[in-house]
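S.K.: Input structure: work_29.csv, which contains CSV, C-alpha atoms.
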```csv
chain,number,residue,atom,x,y,z
A,1,MET,CA,-50.6,-37.9,-82.6
A,2,PRO,CA,-51.9,-40.6,-84.9
A,3,GLU,CA,-54.9,-42.6,-84.0
A,4,ILE,CA,-53.9,-45.4,-81.6
A,5,ILE,CA,-54.9,-48.8,-82.9
A,6,ALA,CA,-53.1,-50.8,-80.2
A,7,ASP,CA,-51.9,-49.3,-76.9
A,8,LEU,CA,-49.3,-51.6,-75.5
A,9,LEU,CA,-47.7,-49.1,-73.2
A,10,SER,CA,-48.9,-51.0,-70.1
A,11,ASP,CA,-51.6,-53.3,-68.8
A,12,THR,CA,-52.5,-50.5,-66.4
A,13,LEU,CA,-54.4,-48.9,-69.4
A,14,THR,CA,-57.3,-51.3,-69.2
A,15,ARG,CA,-60.7,-49.6,-69.0
A,16,PRO,CA,-63.8,-50.9,-67.1
A,17,THR,CA,-66.1,-52.9,-69.4
A,18,PRO,CA,-69.8,-51.9,-69.6
A,19,ALA,CA,-70.7,-54.9,-67.3
A,20,MET,CA,-68.0,-53.8,-64.8
A,21,ARG,CA,-69.3,-50.3,-64.8
A,22,GLU,CA,-72.8,-51.7,-64.1
A,23,ALA,CA,-71.5,-53.7,-61.1
A,24,MET,CA,-69.8,-50.5,-59.8
A,25,ALA,CA,-73.0,-48.5,-60.1
A,26,ARG,CA,-74.9,-51.2,-58.1
A,27,ALA,CA,-72.3,-51.5,-55.4
A,28,GLU,CA,-73.4,-51.3,-51.7
A,29,VAL,CA,-71.1,-48.8,-50.0
A,30,GLY,CA,-70.1,-47.5,-46.6
A,31,ASP,CA,-67.3,-45.6,-44.9
A,32,ASP,CA,-64.2,-47.8,-45.3
A,33,VAL,CA,-62.1,-45.8,-42.8
A,34,PHE,CA,-64.6,-47.0,-40.2
A,35,GLY,CA,-64.5,-50.5,-41.8
A,36,GLU,CA,-68.2,-50.1,-42.8
A,37,ASP,CA,-68.0,-50.7,-46.6
A,38,PRO,CA,-69.5,-54.2,-47.2
A,39,THR,CA,-68.2,-54.4,-50.7
A,40,VAL,CA,-64.7,-53.7,-49.7
A,41,ARG,CA,-64.9,-56.2,-46.9
A,42,ALA,CA,-66.2,-58.8,-49.4
A,43,LEU,CA,-63.3,-58.1,-51.8
A,44,GLU,CA,-60.7,-58.3,-49.0
A,45,GLU,CA,-62.2,-61.6,-47.8
A,46,ARG,CA,-62.3,-63.0,-51.3
A,47,VAL,CA,-58.7,-62.2,-52.1
A,48,ALA,CA,-57.4,-63.4,-48.8
A,49,GLY,CA,-59.2,-66.7,-49.2
A,50,LEU,CA,-57.9,-67.2,-52.8
A,51,LEU,CA,-54.3,-66.6,-51.5
A,52,GLY,CA,-54.7,-68.8,-48.4
A,53,HIS,CA,-54.4,-66.0,-45.8
A,54,GLU,CA,-56.6,-64.8,-42.9
A,55,ALA,CA,-57.3,-61.2,-44.0
A,56,GLY,CA,-56.9,-58.6,-46.6
A,57,LEU,CA,-56.6,-54.8,-46.9
A,58,PHE,CA,-57.8,-52.8,-50.0
A,59,ALA,CA,-55.2,-50.1,-51.1
A,60,PRO,CA,-55.5,-47.5,-53.8
A,61,SER,CA,-52.3,-48.7,-55.6
A,62,GLY,CA,-49.9,-51.6,-55.9
A,63,SER,CA,-47.0,-49.4,-54.7
A,64,MET,CA,-48.9,-48.6,-51.5
A,65,ALA,CA,-49.8,-52.2,-50.9
A,66,ASN,CA,-46.2,-53.2,-51.3
A,67,GLN,CA,-45.0,-50.4,-49.0
A,68,LEU,CA,-47.4,-51.4,-46.4
A,69,GLY,CA,-46.2,-55.0,-46.6
A,70,LEU,CA,-42.5,-53.9,-46.3
A,71,ARG,CA,-43.3,-51.6,-43.3
A,72,LEU,CA,-44.9,-54.5,-41.5
A,73,HIS,CA,-41.8,-56.6,-41.6
A,74,VAL,CA,-38.9,-54.2,-41.6
A,75,ALA,CA,-38.1,-51.9,-38.7
A,76,PRO,CA,-36.2,-48.6,-39.5
A,77,GLY,CA,-32.6,-49.3,-40.0
A,78,ARG,CA,-33.0,-53.0,-40.9
A,79,GLU,CA,-32.9,-54.2,-44.5
A,80,MET,CA,-34.9,-55.9,-47.2
A,81,VAL,CA,-33.3,-57.8,-50.0
A,82,ALA,CA,-34.7,-58.1,-53.6
A,83,ASP,CA,-33.4,-58.7,-57.1
A,84,GLN,CA,-31.8,-55.8,-58.9
A,85,GLN,CA,-34.7,-55.4,-61.3
A,86,ALA,CA,-37.4,-55.6,-58.7
A,87,HIS,CA,-40.3,-53.0,-58.8
A,88,VAL,CA,-39.9,-52.2,-55.1
A,89,VAL,CA,-36.3,-51.0,-55.6
A,90,ARG,CA,-36.5,-49.7,-59.2
A,91,ALA,CA,-40.0,-48.2,-59.6
A,92,GLU,CA,-41.4,-47.1,-56.2
A,93,LEU,CA,-39.2,-44.0,-56.0
A,94,GLY,CA,-37.3,-45.0,-52.9
A,95,ALA,CA,-40.5,-45.2,-50.8
A,96,ALA,CA,-39.2,-47.9,-48.5
A,97,ALA,CA,-36.3,-45.6,-47.4
A,98,ALA,CA,-38.2,-42.4,-47.5
A,99,PHE,CA,-41.2,-43.5,-45.5
A,100,SER,CA,-40.0,-46.4,-43.4
A,101,GLY,CA,-36.2,-46.0,-43.0
A,102,ILE,CA,-35.6,-49.3,-44.7
A,103,THR,CA,-32.2,-50.1,-46.2
A,104,SER,CA,-32.0,-52.5,-49.1
A,105,ARG,CA,-29.5,-54.7,-51.0
A,106,THR,CA,-30.0,-56.5,-54.3
A,107,TRP,CA,-28.8,-59.6,-56.0
A,108,PRO,CA,-28.2,-60.0,-59.8
A,109,SER,CA,-30.8,-61.9,-61.8
A,110,VAL,CA,-31.4,-62.9,-65.4
A,111,ARG,CA,-34.9,-61.8,-66.5
A,112,GLY,CA,-35.8,-61.5,-62.9
A,113,ARG,CA,-35.8,-65.2,-62.4
A,114,LEU,CA,-35.5,-66.3,-58.7
A,115,GLU,CA,-32.6,-68.6,-57.8
A,116,THR,CA,-32.2,-69.7,-54.2
A,117,SER,CA,-28.6,-68.6,-54.2
A,118,GLY,CA,-29.6,-65.0,-55.0
A,119,PRO,CA,-31.3,-63.9,-51.7
A,120,MET,CA,-29.4,-66.4,-49.6
A,121,SER,CA,-26.1,-64.8,-50.7
A,122,LEU,CA,-27.3,-61.6,-49.0
A,123,VAL,CA,-29.4,-62.7,-46.0
A,124,THR,CA,-27.5,-61.6,-42.8
A,125,THR,CA,-28.7,-62.5,-39.3
A,126,GLY,CA,-27.3,-62.8,-35.8
A,127,VAL,CA,-24.6,-60.2,-36.3
A,128,GLY,CA,-25.6,-58.0,-33.3
A,129,PRO,CA,-24.6,-54.3,-33.5
A,130,TYR,CA,-22.0,-54.8,-36.2
A,131,GLN,CA,-23.9,-55.2,-39.4
A,132,VAL,CA,-27.4,-54.5,-40.8
A,133,GLU,CA,-29.7,-57.4,-40.2
A,134,THR,CA,-31.9,-58.8,-42.9
A,135,ALA,CA,-35.6,-58.8,-42.1
A,136,LEU,CA,-37.3,-59.4,-45.4
A,137,VAL,CA,-36.9,-61.1,-48.8
A,138,VAL,CA,-39.0,-59.6,-51.6
A,139,VAL,CA,-40.0,-61.7,-54.6
A,140,GLU,CA,-41.9,-60.4,-57.7
A,141,ASN,CA,-44.2,-62.7,-59.6
A,142,THR,CA,-44.6,-62.2,-62.5
A,143,HIS,CA,-41.5,-60.1,-62.9
A,144,ASN,CA,-42.2,-56.9,-64.7
A,145,PHE,CA,-38.8,-55.7,-65.9
A,146,GLY,CA,-37.8,-59.3,-66.4
A,147,GLY,CA,-40.4,-59.5,-69.2
A,148,GLY,CA,-43.3,-61.2,-67.4
A,149,THR,CA,-41.2,-64.0,-65.9
A,150,VAL,CA,-43.0,-66.6,-63.9
A,151,GLN,CA,-41.2,-67.6,-60.6
A,152,PRO,CA,-40.9,-71.4,-60.1
A,153,ILE,CA,-42.9,-72.5,-57.0
A,154,GLU,CA,-40.2,-75.0,-56.1
A,155,THR,CA,-37.6,-72.2,-55.9
A,156,ILE,CA,-40.0,-70.0,-53.8
A,157,ARG,CA,-40.4,-72.9,-51.4
A,158,GLU,CA,-36.6,-73.4,-51.2
A,159,VAL,CA,-36.1,-69.8,-50.2
A,160,ARG,CA,-38.9,-70.0,-47.7
A,161,ALA,CA,-37.4,-73.1,-46.1
A,162,ALA,CA,-34.0,-71.3,-45.8
A,163,THR,CA,-35.3,-68.0,-44.5
A,164,GLN,CA,-38.0,-69.0,-42.1
A,165,PRO,CA,-35.7,-70.7,-39.5
A,166,ARG,CA,-33.6,-67.5,-39.5
A,167,GLY,CA,-36.6,-65.3,-38.7
A,168,VAL,CA,-36.5,-63.6,-42.1
A,169,ALA,CA,-40.0,-62.8,-43.5
A,170,MET,CA,-41.0,-63.0,-47.2
A,171,HIS,CA,-43.2,-60.6,-49.1
A,172,LEU,CA,-44.6,-61.3,-52.6
A,173,ASP,CA,-45.1,-58.4,-55.0
A,174,GLY,CA,-47.8,-60.2,-56.9
A,175,ALA,CA,-49.0,-57.3,-59.0
A,176,ARG,CA,-49.4,-59.8,-61.9
A,177,LEU,CA,-49.7,-63.0,-59.8
A,178,TRP,CA,-53.0,-63.7,-61.7
A,179,ASN,CA,-50.8,-64.0,-64.9
A,180,ALA,CA,-48.4,-66.4,-63.1
A,181,HIS,CA,-51.3,-68.5,-61.9
A,182,VAL,CA,-52.9,-68.8,-65.4
A,183,ALA,CA,-49.6,-69.5,-67.2
A,184,SER,CA,-48.2,-72.0,-64.7
A,185,GLY,CA,-51.4,-73.7,-63.4
A,186,VAL,CA,-50.0,-73.3,-59.8
A,187,ALA,CA,-52.9,-72.6,-57.4
A,188,LEU,CA,-53.1,-69.0,-56.1
A,189,ALA,CA,-53.0,-70.4,-52.5
A,190,ASP,CA,-49.9,-72.4,-53.2
A,191,TYR,CA,-48.1,-69.1,-54.2
A,192,GLY,CA,-49.8,-67.1,-51.4
A,193,THR,CA,-49.0,-69.4,-48.5
A,194,ALA,CA,-45.3,-69.4,-49.2
A,195,PHE,CA,-45.2,-65.7,-48.1
A,196,ASP,CA,-46.0,-63.8,-45.0
A,197,THR,CA,-47.7,-61.1,-47.0
A,198,VAL,CA,-48.8,-60.8,-50.6
A,199,SER,CA,-49.9,-57.8,-52.7
A,200,VAL,CA,-52.0,-58.3,-55.8
A,201,CYS,CA,-53.2,-55.7,-58.3
A,202,LEU,CA,-56.7,-55.5,-59.8
A,203,SER,CA,-55.9,-52.6,-62.1
A,204,LYS,CA,-53.6,-54.3,-64.6
A,205,GLY,CA,-54.7,-57.2,-66.7
A,206,LEU,CA,-57.9,-57.7,-64.8
A,207,GLY,CA,-59.3,-54.4,-66.0
A,208,ALA,CA,-60.4,-52.7,-62.8
A,209,PRO,CA,-59.8,-49.0,-62.8
A,210,VAL,CA,-58.1,-48.7,-59.4
A,211,GLY,CA,-56.9,-50.9,-56.5
A,212,SER,CA,-54.7,-53.5,-55.0
A,213,VAL,CA,-55.2,-55.9,-52.1
A,214,LEU,CA,-52.6,-56.8,-49.4
A,215,VAL,CA,-53.1,-60.0,-47.6
A,216,GLY,CA,-51.6,-61.6,-44.5
A,217,SER,CA,-52.5,-62.5,-40.9
A,218,ALA,CA,-55.4,-60.7,-39.3
A,219,ASP,CA,-53.1,-59.0,-36.9
A,220,ALA,CA,-50.8,-57.9,-39.7
A,221,MET,CA,-53.7,-56.4,-41.7
A,222,ALA,CA,-55.0,-54.6,-38.6
A,223,GLU,CA,-51.6,-52.9,-38.3
A,224,ALA,CA,-51.4,-52.3,-42.0
A,225,ARG,CA,-54.8,-50.5,-41.8
A,226,ILE,CA,-53.2,-48.0,-39.3
A,227,TRP,CA,-50.2,-47.4,-41.7
A,228,ARG,CA,-52.6,-47.0,-44.7
A,229,LYS,CA,-54.3,-44.2,-42.9
A,230,ARG,CA,-51.0,-42.7,-41.8
A,231,TYR,CA,-49.8,-42.8,-45.4
A,232,GLY,CA,-53.0,-41.0,-46.6
A,233,GLY,CA,-54.6,-44.1,-48.1
A,234,GLY,CA,-57.8,-44.2,-46.0
A,235,MET,CA,-60.8,-44.1,-48.3
A,236,ARG,CA,-64.5,-43.6,-47.8
A,237,GLN,CA,-67.3,-45.0,-49.9
A,238,VAL,CA,-64.8,-47.0,-52.0
A,239,GLY,CA,-67.1,-50.0,-52.6
A,240,ILE,CA,-67.7,-48.7,-56.1
A,241,LEU,CA,-64.1,-49.5,-56.8
A,242,ALA,CA,-64.1,-52.8,-54.8
A,243,ALA,CA,-67.1,-53.9,-56.9
A,244,ALA,CA,-64.9,-53.6,-60.0
A,245,GLY,CA,-62.3,-55.8,-58.4
A,246,LEU,CA,-64.9,-58.4,-57.5
A,247,TYR,CA,-66.2,-58.4,-61.0
A,248,ALA,CA,-62.7,-58.7,-62.4
A,249,LEU,CA,-62.0,-61.8,-60.3
A,250,GLU,CA,-65.2,-63.4,-61.6
A,251,HIS,CA,-64.8,-62.6,-65.2
A,252,HIS,CA,-61.3,-61.6,-66.2
A,253,VAL,CA,-58.8,-64.0,-64.7
A,254,GLU,CA,-58.9,-67.0,-67.1
A,255,ARG,CA,-59.0,-64.7,-70.1
A,256,LEU,CA,-55.4,-63.7,-69.3
A,257,ALA,CA,-54.4,-66.7,-71.4
A,258,ASP,CA,-55.6,-64.8,-74.5
A,259,ASP,CA,-53.1,-62.0,-73.6
A,260,HIS,CA,-50.3,-64.6,-73.2
A,261,ALA,CA,-51.1,-66.1,-76.6
A,262,ARG,CA,-51.1,-62.8,-78.4
A,263,ALA,CA,-47.8,-61.7,-76.8
A,264,ALA,CA,-46.3,-65.1,-77.8
A,265,ARG,CA,-47.5,-64.6,-81.4
A,266,PHE,CA,-46.0,-61.1,-81.6
A,267,ALA,CA,-42.7,-62.3,-80.2
A,268,ALA,CA,-42.5,-65.2,-82.7
A,269,VAL,CA,-42.9,-62.8,-85.6
A,270,CYS,CA,-40.3,-60.4,-84.3
A,271,ALA,CA,-37.8,-63.2,-83.8
A,272,GLU,CA,-38.3,-64.3,-87.4
A,273,VAL,CA,-38.1,-60.8,-88.9
A,274,ALA,CA,-35.2,-59.6,-86.7
A,275,PRO,CA,-33.3,-62.4,-85.1
A,276,GLY,CA,-31.7,-61.5,-81.8
A,277,THR,CA,-34.4,-59.1,-80.8
A,278,ILE,CA,-36.3,-61.7,-78.7
A,279,ASP,CA,-36.2,-65.3,-77.8
A,280,PRO,CA,-39.8,-66.4,-78.0
A,281,ALA,CA,-39.2,-69.1,-75.4
A,282,THR,CA,-38.7,-66.3,-72.8
A,283,VAL,CA,-42.2,-64.9,-73.4
A,284,GLU,CA,-44.1,-66.6,-70.6
A,285,THR,CA,-47.0,-64.3,-70.0
A,286,ASN,CA,-48.3,-60.9,-71.4
A,287,ILE,CA,-45.0,-58.9,-71.5
A,288,VAL,CA,-42.6,-58.8,-74.4
A,289,VAL,CA,-39.2,-57.0,-74.0
A,290,LEU,CA,-37.5,-56.5,-77.4
A,291,ASP,CA,-33.7,-55.8,-77.7
A,292,VAL,CA,-34.1,-53.5,-80.7
A,293,GLY,CA,-30.4,-52.8,-80.7
A,294,ALA,CA,-30.0,-56.2,-82.3
A,295,ALA,CA,-31.8,-54.7,-85.3
A,296,GLY,CA,-29.7,-51.6,-85.3
A,297,LEU,CA,-32.3,-49.4,-83.6
A,298,THR,CA,-32.5,-47.3,-80.5
A,299,ALA,CA,-35.5,-47.8,-78.3
A,300,ALA,CA,-36.6,-44.2,-79.1
A,301,ALA,CA,-36.5,-44.9,-82.8
A,302,PHE,CA,-38.6,-48.0,-82.5
A,303,VAL,CA,-41.1,-46.3,-80.2
A,304,GLU,CA,-41.4,-43.4,-82.6
A,305,GLY,CA,-41.7,-45.8,-85.6
A,306,THR,CA,-44.5,-47.9,-84.1
A,307,LEU,CA,-46.4,-44.8,-82.8
A,308,ALA,CA,-46.4,-43.4,-86.3
A,309,ARG,CA,-48.2,-46.6,-87.3
A,310,GLY,CA,-50.8,-46.4,-84.5
A,311,VAL,CA,-49.1,-48.7,-82.0
A,312,ARG,CA,-47.9,-47.3,-78.7
A,313,THR,CA,-44.9,-49.0,-77.0
A,314,TYR,CA,-42.6,-48.2,-74.1
A,315,ALA,CA,-38.8,-47.7,-74.0
A,316,VAL,CA,-37.4,-49.3,-70.8
A,317,GLY,CA,-33.7,-48.8,-71.7
A,318,PRO,CA,-31.5,-47.4,-74.5
A,319,ALA,CA,-32.2,-50.3,-76.8
A,320,ALA,CA,-35.0,-52.1,-74.9
A,321,VAL,CA,-38.7,-51.8,-75.6
A,322,ARG,CA,-41.5,-53.2,-73.6
A,323,LEU,CA,-45.0,-54.2,-75.0
A,324,VAL,CA,-47.7,-55.4,-72.7
A,325,TRP,CA,-50.9,-57.2,-73.8
A,326,HIS,CA,-54.1,-56.6,-71.9
A,327,LEU,CA,-57.9,-56.6,-71.9
A,328,ASP,CA,-58.2,-53.8,-74.5
A,329,VAL,CA,-55.8,-55.3,-77.1
A,330,ASP,CA,-57.6,-57.9,-79.2
A,331,ASP,CA,-56.6,-60.0,-82.1
A,332,ALA,CA,-57.0,-57.1,-84.5
A,333,GLY,CA,-54.8,-54.9,-82.3
A,334,THR,CA,-52.2,-57.6,-82.1
A,335,GLU,CA,-52.1,-57.9,-85.9
A,336,ALA,CA,-51.6,-54.1,-86.1
A,337,ALA,CA,-48.8,-54.4,-83.6
A,338,ILE,CA,-47.2,-57.2,-85.6
A,339,ALA,CA,-47.5,-55.2,-88.9
A,340,ALA,CA,-46.0,-52.0,-87.3
A,341,ALA,CA,-43.1,-53.9,-85.7
A,342,ARG,CA,-42.4,-55.8,-88.9
A,343,GLU,CA,-42.2,-52.5,-90.9
A,344,VAL,CA,-40.0,-50.7,-88.4
A,345,LEU,CA,-37.6,-53.7,-87.9
A,346,THR,CA,-37.4,-54.4,-91.6
A,347,ALA,CA,-36.7,-50.8,-92.5
A,348,ALA,CA,-33.7,-50.9,-90.1
A,349,ALA,CA,-32.2,-54.0,-91.6
```
Please express what this file holds, its structure, as structure tokens.
M.R.:
Amino acid sequence: MPEIIADLLSDTLTRPTPAMREAMARAEVGDDVFGEDPTVRALEERVAGLLGHEAGLFAPSGSMANQLGLRLHVAPGREMVADQQAHVVRAELGAAAAFSGITSRTWPSVRGRLETSGPMSLVTTGVGPYQVETALVVVENTHNFGGGTVQPIETIREVRAATQPRGVAMHLDGARLWNAHVASGVALADYGTAFDTVSVCLSKGLGAPVGSVLVGSADAMAEARIWRKRYGGGMRQVGILAAAGLYALEHHVERLADDHARAARFAAVCAEVAPGTIDPATVETNIVVLDVGAAGLTAAAFVEGTLARGVRTYAVGPAAVRLVWHLDVDDAGTEAAIAAAREVLTAAA
């Protein structure tokens, strides 16, 4: 394999900075299964406060945080609804059905963008023993497979206003909510308080090595703690990881704007070199999804071509390639990615 100059496979690839490692080394720790890790408690309280909720629960992964949130709201045999590209239905390996007996239905979306008509066309309540009742609407913000789409706060509020009187809860898969906040200027608490539970990741653009936090009411988080243990997610002296999350919140949120700017620059060049591969106006955050079929390429050919030039990218469909900017891809890495994409796309023309 050639030397990798820019690794754009995912923003999960970020590595702790030296200062973050120092914070981890200094962390005060305790046994978190007994609720005795002070650094974990500080992280949970900090994230819950930022999102306007009572309490939080540290989890080892975004998928576990999501699954805990789903389990809180949906009894076995009832349903959740989400868009057809949502991470909870496409990339969590059927966990909601396998672990919690949850059924699901999906609505179509364009780039994952939430429209009020989508979930409300599916929500079913008051049907007694004749149909499956909807218990939960799941929204993803930003939307991964949609290409980093930021969900409009006005639409979120419309869905909330429509679901709440019907007793239907809402969960936010906010793995990249930090990106949505920075790109839109909408306060984290404005996003957070529109949902009953919210999961956020620390191990993507923020650069922490591990961890997500689920937030909600104090009672809900107490129940989620039981399910976390049941799912095998109880951890011991995990303050060393929570310290990385606290450091990331202090130092790595606002810098996400740099990732957004670099992704936008890359997209603009690709649109110029190979029209039809990307509309730069759709690049709202740190994710670019190229339709390389418009340039006469398969995704595999594009990925192979950029890799040979030291840039790692990710095929997400037969002709779709995803590139994700993050803490470890700077301006020089971005220029390398632009040069590699230019060469591969031009050669195919």
S.K.: Report the distance between CA of Leu345 in chain A and CA of His87 in chain A in Å, rounded to one decimal place.
M.R.: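 Here the two named atoms are 29.2 Å from each other.
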S.K.: Between A:Ile240, A:Ala301, A:Val47, A:Leu206, single out the one closest to Asp259 in chain A, counting all atoms listed in the file.
M.R.: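 Using all atoms listed in the file, Asp259 in chain A sits closest to A:Leu206.
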S.K.: Using all atoms listed in the file, which residue out of A:Leu327, A:Ala320, A:Ala257, A:Ala95 lies closest to Ser184 in chain A?
M.R.: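 Among the listed residues, the smallest separation from Ser184 in chain A belongs to A:Ala257.
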S.K.: With distances taken over all atoms listed in the file, which of A:Ala135, A:Ala42, A:Val210, A:Leu57 is nearest to Gly77 in chain A?
M.R.: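 Looking only at the distances to Gly77 in chain A, the closest residue turns out to be A:Ala135.
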S.K.: Write out as a PyMOL selection string the residues lying within 7 Å of range 142-149 of chain A, counting only C-alpha atoms and excluding same-chain residues fewer than 6 positions away.
M.R.: chain A and resi 85+111-113+174+176-177+179-180+284-289
S.K.: To one decimal place, how far is CA of Leu8 in chain A from CA of Ala96 in chain A in Å?
M.R.: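 Calculated distance between CA of Leu8 in chain A and CA of Ala96 in chain A is 29.1 Å.
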S.K.: Starting from the point (-45.1, -46.0, -43.0), work out which residues of protein, DNA or RNA have an atom no more than 6 Å away when counting all atoms listed in the file; state them as a ChimeraX atom specification.
M.R.: /A:71,99-100,227
S.K.: With all atoms listed in the file as the counted atoms, please give the residues lying no more than 7 Å from Gly233 in chain A, apart from itself and same-chain residues fewer than 5 positions off, as a ChimeraX atom specification.
M.R.: /A:59-60,228
S.K.: Which centre and edge lengths in Å to one decimal define the box along x, y and z that fits every listed atom of range 340-343 of chain A plus 6 Å per side, as lines of an AutoDock Vina configuration file?
M.R.:
```
center_x = -44.1
center_y = -53.9
center_z = -88.3
size_x = 15.8
size_y = 15.8
size_z = 17.2
```
S.K.: Could you please determine the separation between CA of Leu297 in chain A and CA of Gly333 in chain A in Å, to one decimal place?
M.R.: 23.2 Å
